[in-house]
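Undergrad: Sending over model-v3.cif (mmCIF, C-alpha atoms).
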data_start
#
loop_
_atom_site.label_atom_id
_atom_site.label_comp_id
_atom_site.auth_asym_id
_atom_site.auth_seq_id
_atom_site.Cartn_x
_atom_site.Cartn_y
_atom_site.Cartn_z
CA MET A 11 10.38 -38.84 -13.72
CA LYS A 12 10.15 -36.68 -10.63
CA THR A 13 8.08 -33.48 -10.59
CA ILE A 14 8.64 -30.08 -9.02
CA TYR A 15 5.59 -27.85 -8.83
CA VAL A 16 6.09 -24.08 -8.80
CA LEU A 17 3.05 -22.31 -7.36
CA SER A 18 2.86 -18.52 -7.65
CA ASP A 19 0.42 -15.60 -7.56
CA SER A 20 2.09 -14.35 -10.75
CA THR A 21 3.56 -16.26 -13.69
CA GLY A 22 6.03 -18.25 -11.60
CA GLU A 23 8.88 -17.48 -14.00
CA THR A 24 11.19 -16.09 -11.32
CA ALA A 25 10.64 -19.04 -9.02
CA GLU A 26 11.18 -21.47 -11.90
CA ARG A 27 14.52 -19.83 -12.74
CA VAL A 28 15.66 -20.22 -9.14
CA VAL A 29 14.62 -23.89 -9.14
CA LYS A 30 16.48 -24.49 -12.41
CA ALA A 31 19.58 -22.79 -11.03
CA ALA A 32 19.49 -25.13 -8.05
CA LEU A 33 18.86 -28.16 -10.27
CA SER A 34 21.97 -27.36 -12.29
CA GLN A 35 23.96 -28.55 -9.29
CA PHE A 36 22.52 -32.05 -9.75
CA GLY A 37 23.77 -32.75 -13.26
CA GLY A 38 21.32 -34.36 -15.63
CA SER A 39 18.61 -35.21 -13.09
CA ASP A 40 15.41 -36.27 -14.83
CA VAL A 41 13.00 -33.72 -13.37
CA ARG A 42 10.08 -31.88 -14.88
CA ILE A 43 8.88 -28.48 -13.63
CA VAL A 44 5.17 -27.72 -13.64
CA ARG A 45 4.12 -24.11 -13.15
CA LEU A 46 0.85 -23.31 -11.37
CA GLY A 47 0.53 -19.55 -11.85
CA LYS A 48 -1.98 -16.81 -11.13
CA VAL A 49 -3.10 -18.37 -7.82
CA THR A 50 -4.74 -15.42 -6.07
CA ASN A 51 -7.58 -16.77 -3.88
CA GLN A 52 -8.50 -19.70 -1.63
CA LEU A 53 -10.45 -21.54 -4.34
CA GLU A 54 -7.48 -21.38 -6.70
CA VAL A 55 -5.22 -22.62 -3.90
CA GLN A 56 -7.51 -25.62 -3.41
CA GLN A 57 -7.56 -26.33 -7.14
CA ALA A 58 -3.80 -26.03 -7.50
CA MET A 59 -3.11 -28.18 -4.45
CA ALA A 60 -5.52 -30.83 -5.74
CA THR A 61 -3.20 -31.19 -8.73
CA VAL A 62 -0.12 -31.45 -6.52
CA THR A 63 -1.63 -33.96 -4.07
CA VAL A 64 -2.73 -36.32 -6.84
CA ASP A 65 0.72 -36.81 -8.37
CA GLY A 66 2.97 -35.80 -5.49
CA GLY A 67 6.36 -34.19 -5.87
CA LEU A 68 8.25 -31.24 -4.45
CA LEU A 69 6.27 -28.00 -4.09
CA VAL A 70 7.97 -24.60 -4.30
CA TYR A 71 5.71 -21.61 -3.75
CA THR A 72 5.79 -17.82 -3.71
CA LEU A 73 2.60 -16.05 -2.62
CA VAL A 74 1.92 -12.44 -1.63
CA ASP A 75 -1.12 -13.16 0.52
CA THR A 76 -0.16 -14.54 3.93
CA ASP A 77 -3.44 -16.45 4.35
CA LEU A 78 -2.94 -18.17 0.99
CA ALA A 79 0.63 -19.11 1.90
CA VAL A 80 -0.58 -20.55 5.21
CA ALA A 81 -3.31 -22.49 3.38
CA VAL A 82 -0.74 -24.02 1.01
CA HIS A 83 1.52 -24.92 3.93
CA THR A 84 -1.39 -26.52 5.83
CA ILE A 85 -2.52 -28.67 2.89
CA ALA A 86 1.07 -29.73 2.24
CA GLU A 87 1.40 -30.78 5.89
CA GLU A 88 -1.87 -32.72 5.79
CA TYR A 89 -0.78 -34.73 2.76
CA GLY A 90 2.84 -35.15 3.82
CA LEU A 91 4.15 -33.21 0.83
CA MET A 92 7.62 -31.71 0.63
CA ALA A 93 7.01 -27.96 0.35
CA PHE A 94 9.31 -24.96 0.38
CA ASP A 95 8.32 -21.30 0.71
CA LEU A 96 10.98 -19.91 -1.61
CA LEU A 97 13.10 -17.00 -0.37
CA SER A 98 11.01 -16.23 2.72
CA PRO A 99 13.99 -16.62 5.07
CA LEU A 100 16.08 -14.39 2.79
CA LEU A 101 13.40 -11.70 2.58
CA HIS A 102 12.93 -11.80 6.33
CA SER A 103 16.67 -11.28 6.86
CA LEU A 104 16.76 -8.49 4.27
CA SER A 105 13.84 -6.69 5.89
CA ILE A 106 15.69 -6.72 9.22
CA PHE A 107 18.98 -5.69 7.62
CA LEU A 108 17.44 -2.85 5.57
CA GLY A 109 14.96 -1.78 8.22
CA ALA A 110 12.12 -1.93 5.72
CA ALA A 111 9.34 -4.34 4.82
CA ALA A 112 9.34 -6.10 1.47
CA GLN A 113 6.69 -4.96 -1.01
CA SER A 114 3.55 -7.10 -1.03
CA THR A 115 2.69 -6.68 -4.68
CA PRO A 116 1.60 -9.67 -6.80
CA GLY A 117 4.42 -10.54 -9.12
CA LEU A 118 6.98 -9.89 -6.40
CA LEU A 119 7.68 -12.21 -3.48
CA HIS A 120 5.26 -11.92 -0.58
CA GLN A 121 5.88 -9.65 2.37
CA ILE A 122 7.53 -11.31 5.32
CA ASP A 123 6.54 -10.07 8.75
CA THR A 124 6.32 -11.37 12.29
CA ASN A 125 2.62 -12.18 11.91
CA TYR A 126 3.32 -14.52 9.01
CA PHE A 127 5.90 -16.51 10.95
CA ARG A 128 3.66 -16.54 14.03
CA ARG A 129 0.85 -18.06 11.97
CA MET A 130 3.16 -20.59 10.40
CA GLU A 131 4.43 -21.59 13.84
CA ALA A 132 0.85 -21.91 15.09
CA VAL A 133 -0.14 -24.10 12.14
CA ASN A 134 2.90 -26.35 12.61
CA PHE A 135 2.14 -26.72 16.31
CA THR A 136 -1.52 -27.51 15.66
CA VAL A 137 -0.77 -30.17 13.05
CA LYS A 138 1.66 -31.89 15.43
CA HIS A 139 -0.85 -31.81 18.29
CA ASP A 140 -3.91 -32.99 16.37
CA ASP A 141 -6.12 -35.80 17.67
CA GLY A 142 -4.24 -36.45 20.91
CA GLN A 143 -0.73 -36.52 19.44
CA GLU A 144 2.14 -35.16 21.55
CA THR A 145 0.07 -34.73 24.72
CA ARG A 146 3.25 -33.83 26.58
CA GLY A 147 3.14 -30.50 24.76
CA LEU A 148 -0.38 -29.51 25.86
CA ASN A 149 1.01 -26.96 28.32
CA LYS A 150 2.53 -25.05 25.40
CA ALA A 151 -0.81 -24.63 23.63
CA ASP A 152 -2.81 -21.41 23.64
CA LEU A 153 -6.01 -23.48 23.47
CA VAL A 154 -6.85 -27.15 23.99
CA LEU A 155 -10.05 -28.53 22.46
CA VAL A 156 -11.58 -31.67 23.96
CA GLY A 157 -14.47 -33.72 22.60
CA VAL A 158 -15.70 -36.96 21.07
CA SER A 159 -14.83 -38.08 17.55
CA ARG A 160 -16.31 -35.89 14.76
CA SER A 161 -17.21 -32.99 17.04
CA SER A 162 -15.25 -30.64 14.73
CA LYS A 163 -12.06 -30.61 16.81
CA THR A 164 -9.60 -30.71 13.90
CA PRO A 165 -11.23 -28.18 11.52
CA LEU A 166 -11.83 -25.82 14.42
CA SER A 167 -8.21 -26.22 15.56
CA MET A 168 -6.89 -25.42 12.08
CA TYR A 169 -9.17 -22.40 11.72
CA LEU A 170 -7.89 -20.99 15.03
CA ALA A 171 -4.31 -21.80 14.04
CA HIS A 172 -4.75 -19.64 10.94
CA LYS A 173 -5.66 -16.86 13.36
CA GLY A 174 -2.32 -17.34 15.09
CA TYR A 175 -3.30 -19.54 18.03
CA LYS A 176 -1.39 -22.71 18.90
CA VAL A 177 -4.14 -25.28 19.34
CA ALA A 178 -4.06 -28.87 20.52
CA ASN A 179 -7.06 -31.18 20.45
CA VAL A 180 -7.71 -34.34 22.43
CA PRO A 181 -10.36 -36.98 21.65
CA LEU A 182 -12.56 -38.38 24.41
CA VAL A 183 -13.27 -42.09 24.02
CA LYS A 184 -15.60 -43.92 26.40
CA GLY A 185 -13.66 -46.63 28.20
CA ILE A 186 -10.27 -45.00 27.64
CA GLU A 187 -8.83 -42.75 30.32
CA PRO A 188 -8.09 -39.25 28.99
CA PRO A 189 -4.42 -38.17 29.16
CA ALA A 190 -3.31 -37.06 32.61
CA GLU A 191 -1.82 -33.90 31.09
CA LEU A 192 -5.34 -32.46 30.76
CA ASP A 193 -5.51 -32.12 34.54
CA ARG A 194 -2.14 -30.35 34.74
CA ILE A 195 -2.63 -27.44 32.36
CA ASP A 196 -4.28 -24.09 32.95
CA PRO A 197 -8.04 -24.84 32.91
CA LYS A 198 -8.69 -21.46 31.28
CA LYS A 199 -7.06 -22.80 28.12
CA VAL A 200 -9.36 -25.81 27.78
CA VAL A 201 -12.56 -25.88 25.75
CA GLY A 202 -14.95 -28.82 25.88
CA LEU A 203 -16.96 -29.38 22.71
CA VAL A 204 -20.41 -30.94 22.90
CA ILE A 205 -22.84 -31.79 20.13
CA SER A 206 -26.34 -33.27 19.99
CA PRO A 207 -26.42 -37.06 19.53
CA ARG A 208 -28.72 -36.79 16.52
CA ARG A 209 -26.40 -34.37 14.72
CA LEU A 210 -23.35 -36.48 15.56
CA VAL A 211 -25.03 -39.58 14.13
CA GLU A 212 -25.71 -37.67 10.90
CA ILE A 213 -22.06 -36.58 10.63
CA ARG A 214 -20.68 -40.05 11.37
CA THR A 215 -23.13 -41.73 9.01
CA SER A 216 -22.05 -39.40 6.22
CA ARG A 217 -18.41 -40.24 6.96
CA LEU A 218 -19.12 -43.98 6.79
CA VAL A 219 -20.85 -43.51 3.43
CA ASN A 220 -17.91 -41.52 2.07
CA MET A 221 -15.50 -44.21 3.25
CA GLY A 222 -17.63 -47.00 1.77
CA GLN A 223 -18.10 -48.70 5.13
CA SER A 224 -21.12 -50.59 6.46
CA MET A 225 -23.98 -48.55 7.89
CA ARG A 226 -24.22 -51.14 10.68
CA ASN A 227 -20.95 -49.88 12.12
CA SER A 228 -21.48 -49.08 15.82
CA TYR A 229 -19.54 -45.84 15.24
CA ALA A 230 -22.83 -44.26 14.07
CA ASP A 231 -25.20 -46.24 16.32
CA TYR A 232 -27.54 -43.82 18.08
CA GLU A 233 -27.44 -45.55 21.49
CA ARG A 234 -23.66 -45.73 21.43
CA VAL A 235 -23.43 -42.06 20.43
CA GLU A 236 -25.76 -41.09 23.29
CA GLU A 237 -23.50 -42.98 25.70
CA GLU A 238 -20.44 -41.17 24.33
CA ILE A 239 -22.07 -37.75 24.70
CA SER A 240 -23.21 -38.61 28.24
CA PHE A 241 -19.68 -39.72 29.14
CA CYS A 242 -18.33 -36.51 27.63
CA ARG A 243 -20.67 -34.27 29.63
CA GLN A 244 -19.91 -36.15 32.86
CA TYR A 245 -16.20 -35.69 32.26
CA PHE A 246 -16.67 -31.97 31.62
CA ARG A 247 -18.64 -31.60 34.87
CA ARG A 248 -15.53 -32.84 36.68
CA HIS A 249 -13.76 -29.78 35.27
CA PRO A 250 -16.05 -26.84 36.06
CA ASP A 251 -13.36 -24.29 35.13
CA TRP A 252 -13.30 -25.45 31.52
CA LEU A 253 -15.30 -23.56 28.93
CA MET A 254 -17.98 -25.72 27.29
CA ILE A 255 -19.24 -24.93 23.76
CA ASP A 256 -22.17 -26.57 21.97
CA VAL A 257 -21.13 -26.89 18.31
CA THR A 258 -24.41 -28.39 17.09
CA ASN A 259 -25.39 -26.80 13.76
CA LYS A 260 -22.72 -24.11 14.10
CA SER A 261 -20.20 -23.26 11.43
CA ILE A 262 -16.52 -23.43 12.26
CA GLU A 263 -16.36 -19.62 12.13
CA GLU A 264 -19.25 -19.29 14.59
CA SER A 265 -17.74 -21.76 17.04
CA ALA A 266 -14.32 -20.09 16.85
CA SER A 267 -15.81 -16.63 17.42
CA GLU A 268 -17.75 -17.87 20.44
CA ILE A 269 -14.67 -19.52 21.93
CA LEU A 270 -12.50 -16.42 21.53
CA ARG A 271 -15.23 -14.10 22.76
CA ARG A 272 -16.05 -16.13 25.86
CA LEU A 273 -12.40 -16.68 26.70
CA GLY A 274 -11.83 -12.95 26.32
CA ALA A 275 -9.07 -13.51 23.76
CA GLN A 276 -8.11 -10.00 22.76
CA GLN A 277 -5.10 -10.77 20.60
CA SER A 278 -5.58 -11.40 16.90
CA TYR A 279 -3.00 -11.91 14.19
#
Starting from the coordinates I provided, produce the structure as structure tokens.
TA:
Amino acid sequence: MKTIYVLSDSTGETAERVVKAALSQFGGSDVRIVRLGKVTNQLEVQQAMATVTVDGGLLVYTLVDTDLAVAVHTIAEEYGLMAFDLLSPLLHSLSIFLGAAAQSTPGLLHQIDTNYFRRMEAVNFTVKHDDGQETRGLNKADLVLVGVSRSSKTPLSMYLAHKGYKVANVPLVKGIEPPAELDRIDPKKVVGLVISPRRLVEIRTSRLVNMGQSMRNSYADYERVEEEISFCRQYFRRHPDWLMIDVTNKSIEESASEILRRLGAQQSY
């Protein structure tokens, strides 16, 4: 039996009725609907999405809070889930037609505005340009993060995407030539991430433990990590116009704030 999850900041009854109306066009399809209601903060989003990602299925969601809606969309993208923000396109069209914004009251459908769609576009872009994917699109990014594996490129990219910035990130691997596109984009967009070898070894060791892999893996070998960091710094010195940020022992929020401050990014969403 296939499952459709209905996630809402209220009871989810309205969204469930819409889903059932659509299902009526498919005859006697064997589908169950699971309501995940009263989702009103980030923790509850994580808990609800944990349920969805375990079993899979189609996700239909209606959330007032834009940040929560973006969080749901991001997690769905990460896990390859089919997800649909119910009625957002309709509300957006209605707000333009009526010349008024939709009410953003829990229990109603969330307010649709240009900032919401800008954030969604930024998140979509960032997911598609994670870890060196689609390097031909680097020139379309607002920011490009460059660094060795586990230097917080992906979480930092997603955090900035939630702020409305289109972010691409590119891994640096010793012995592999970085993509030529890095030398063709505006250097003011590029941020090099560095981290202390000792801290990087700790992060990689923890990852190996979580993955159940051998601690003898060279991925977390201190000498190899030192070589990677040295290669990284040498490569950055060849690009003096790039901004370089040391992310050692910094939270994602701290690193993001430093990047935006030092780049003089005035626009926020």
Undergrad: Need the shell around Leu218 in chain A: protein/DNA/RNA residues with any atom at most 9 Å away, counting all atoms listed in the file. Skip same-chain ones fewer than 4 positions apart. Format as an NGL selection string?
TA: :A and (213-214 or 222-225 or 227 or 229-230)
Undergrad: Under the rule that only C-alpha atoms are counted, which of A:Thr84, A:Thr13, A:Ser161, A:Ser20 is the nearest residue to Cys242 in chain A?
TA: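 Of the candidates, the smallest distance to Cys242 in chain A is held by A:Ser161.
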Undergrad: Quick one: which residues end up in the PyMOL selection byres ((chain A and resi 45) around 10) for this structure, as number ranges by chain?
TA: A: 14-18, 21-23, 25-26, 42-44, 46-48, 58, 70-71
Undergrad: Quick one: pull the distance between CA of Val235 in chain A and CA of Ser162 in chain A, Å, one decimal.
TA: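 According to the coordinates, CA of Val235 in chain A and CA of Ser162 in chain A are separated by 15.2 Å.
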Undergrad: Please compute the CA of Ala171 in chain A-CA of Gly109 in chain A distance, one decimal, in Å.
TA: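 Distance between the two atoms: 28.4 Å.
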Undergrad: Could you tell me which of A:Val137, A:Ala110, A:Ser39, A:Ile205 comes closest to Ala86 in chain A if we count only C-alpha atoms?
TA: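 Using only C-alpha atoms, Ala86 in chain A sits closest to A:Val137.
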Undergrad: Using all atoms listed in the file, which of the listed residues (A:Ala32, A:Met168, A:Leu68, A:Leu78) sits closest to Glu54 in chain A?
TA: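 Checking each of A:Ala32, A:Met168, A:Leu68, A:Leu78 against Glu54 in chain A, counting all atoms listed in the file, the winner is A:Leu78.
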Undergrad: Considering all atoms listed in the file, return as a list in words whatever protein or nucleic-acid residues lie within 9 Å of Lys184 in chain A, sequence-local ones (same chain, fewer than 3 positions apart) excluded.
TA: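 Counting all atoms listed in the file, the residues come to Val158, Glu187, Glu237, Glu238, Phe241 and Cys242 of chain A.
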Undergrad: Using the chain letters and residue numbers of this document, give as a PDB file with C-alpha atoms, keeping the file's coordinate frame the residues selected by the PyMOL selection byres ((chain A and resi 194) around 12).
TA:
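Listing of part-v3.pdb after writing:
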ATOM      1  CA  THR A 145       0.070 -34.730  24.720  1.00  0.00           C
ATOM      2  CA  ARG A 146       3.250 -33.830  26.580  1.00  0.00           C
ATOM      3  CA  GLY A 147       3.140 -30.500  24.760  1.00  0.00           C
ATOM      4  CA  LEU A 148      -0.380 -29.510  25.860  1.00  0.00           C
ATOM      5  CA  ASN A 149       1.010 -26.960  28.320  1.00  0.00           C
ATOM      6  CA  LYS A 150       2.530 -25.050  25.400  1.00  0.00           C
ATOM      7  CA  PRO A 189      -4.420 -38.170  29.160  1.00  0.00           C
ATOM      8  CA  ALA A 190      -3.310 -37.060  32.610  1.00  0.00           C
ATOM      9  CA  GLU A 191      -1.820 -33.900  31.090  1.00  0.00           C
ATOM     10  CA  LEU A 192      -5.340 -32.460  30.760  1.00  0.00           C
ATOM     11  CA  ASP A 193      -5.510 -32.120  34.540  1.00  0.00           C
ATOM     12  CA  ILE A 195      -2.630 -27.440  32.360  1.00  0.00           C
ATOM     13  CA  ASP A 196      -4.280 -24.090  32.950  1.00  0.00           C
ATOM     14  CA  PRO A 197      -8.040 -24.840  32.910  1.00  0.00           C
ATOM     15  CA  LYS A 198      -8.690 -21.460  31.280  1.00  0.00           C
ATOM     16  CA  LYS A 199      -7.060 -22.800  28.120  1.00  0.00           C
ATOM     17  CA  VAL A 200      -9.360 -25.810  27.780  1.00  0.00           C
ATOM     18  CA  HIS A 249     -13.760 -29.780  35.270  1.00  0.00           C
TER      19      HIS A 249
END
Undergrad: So which one's closest to Val55 in chain A, A:Ile85, A:Ile239, A:Val177, A:Leu33? Using all atoms listed in the file, please.
TA: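 Selected residue with least distance to Val55 in chain A: A:Ile85.
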Undergrad: I would like the residues chosen by the PyMOL selection byres ((chain A and resi 246) around 12) on the shown file; could you give them as a PyMOL selection string?
TA: chain A and resi 155-158+182+188+192-193+197+200-204+239-245+247-255
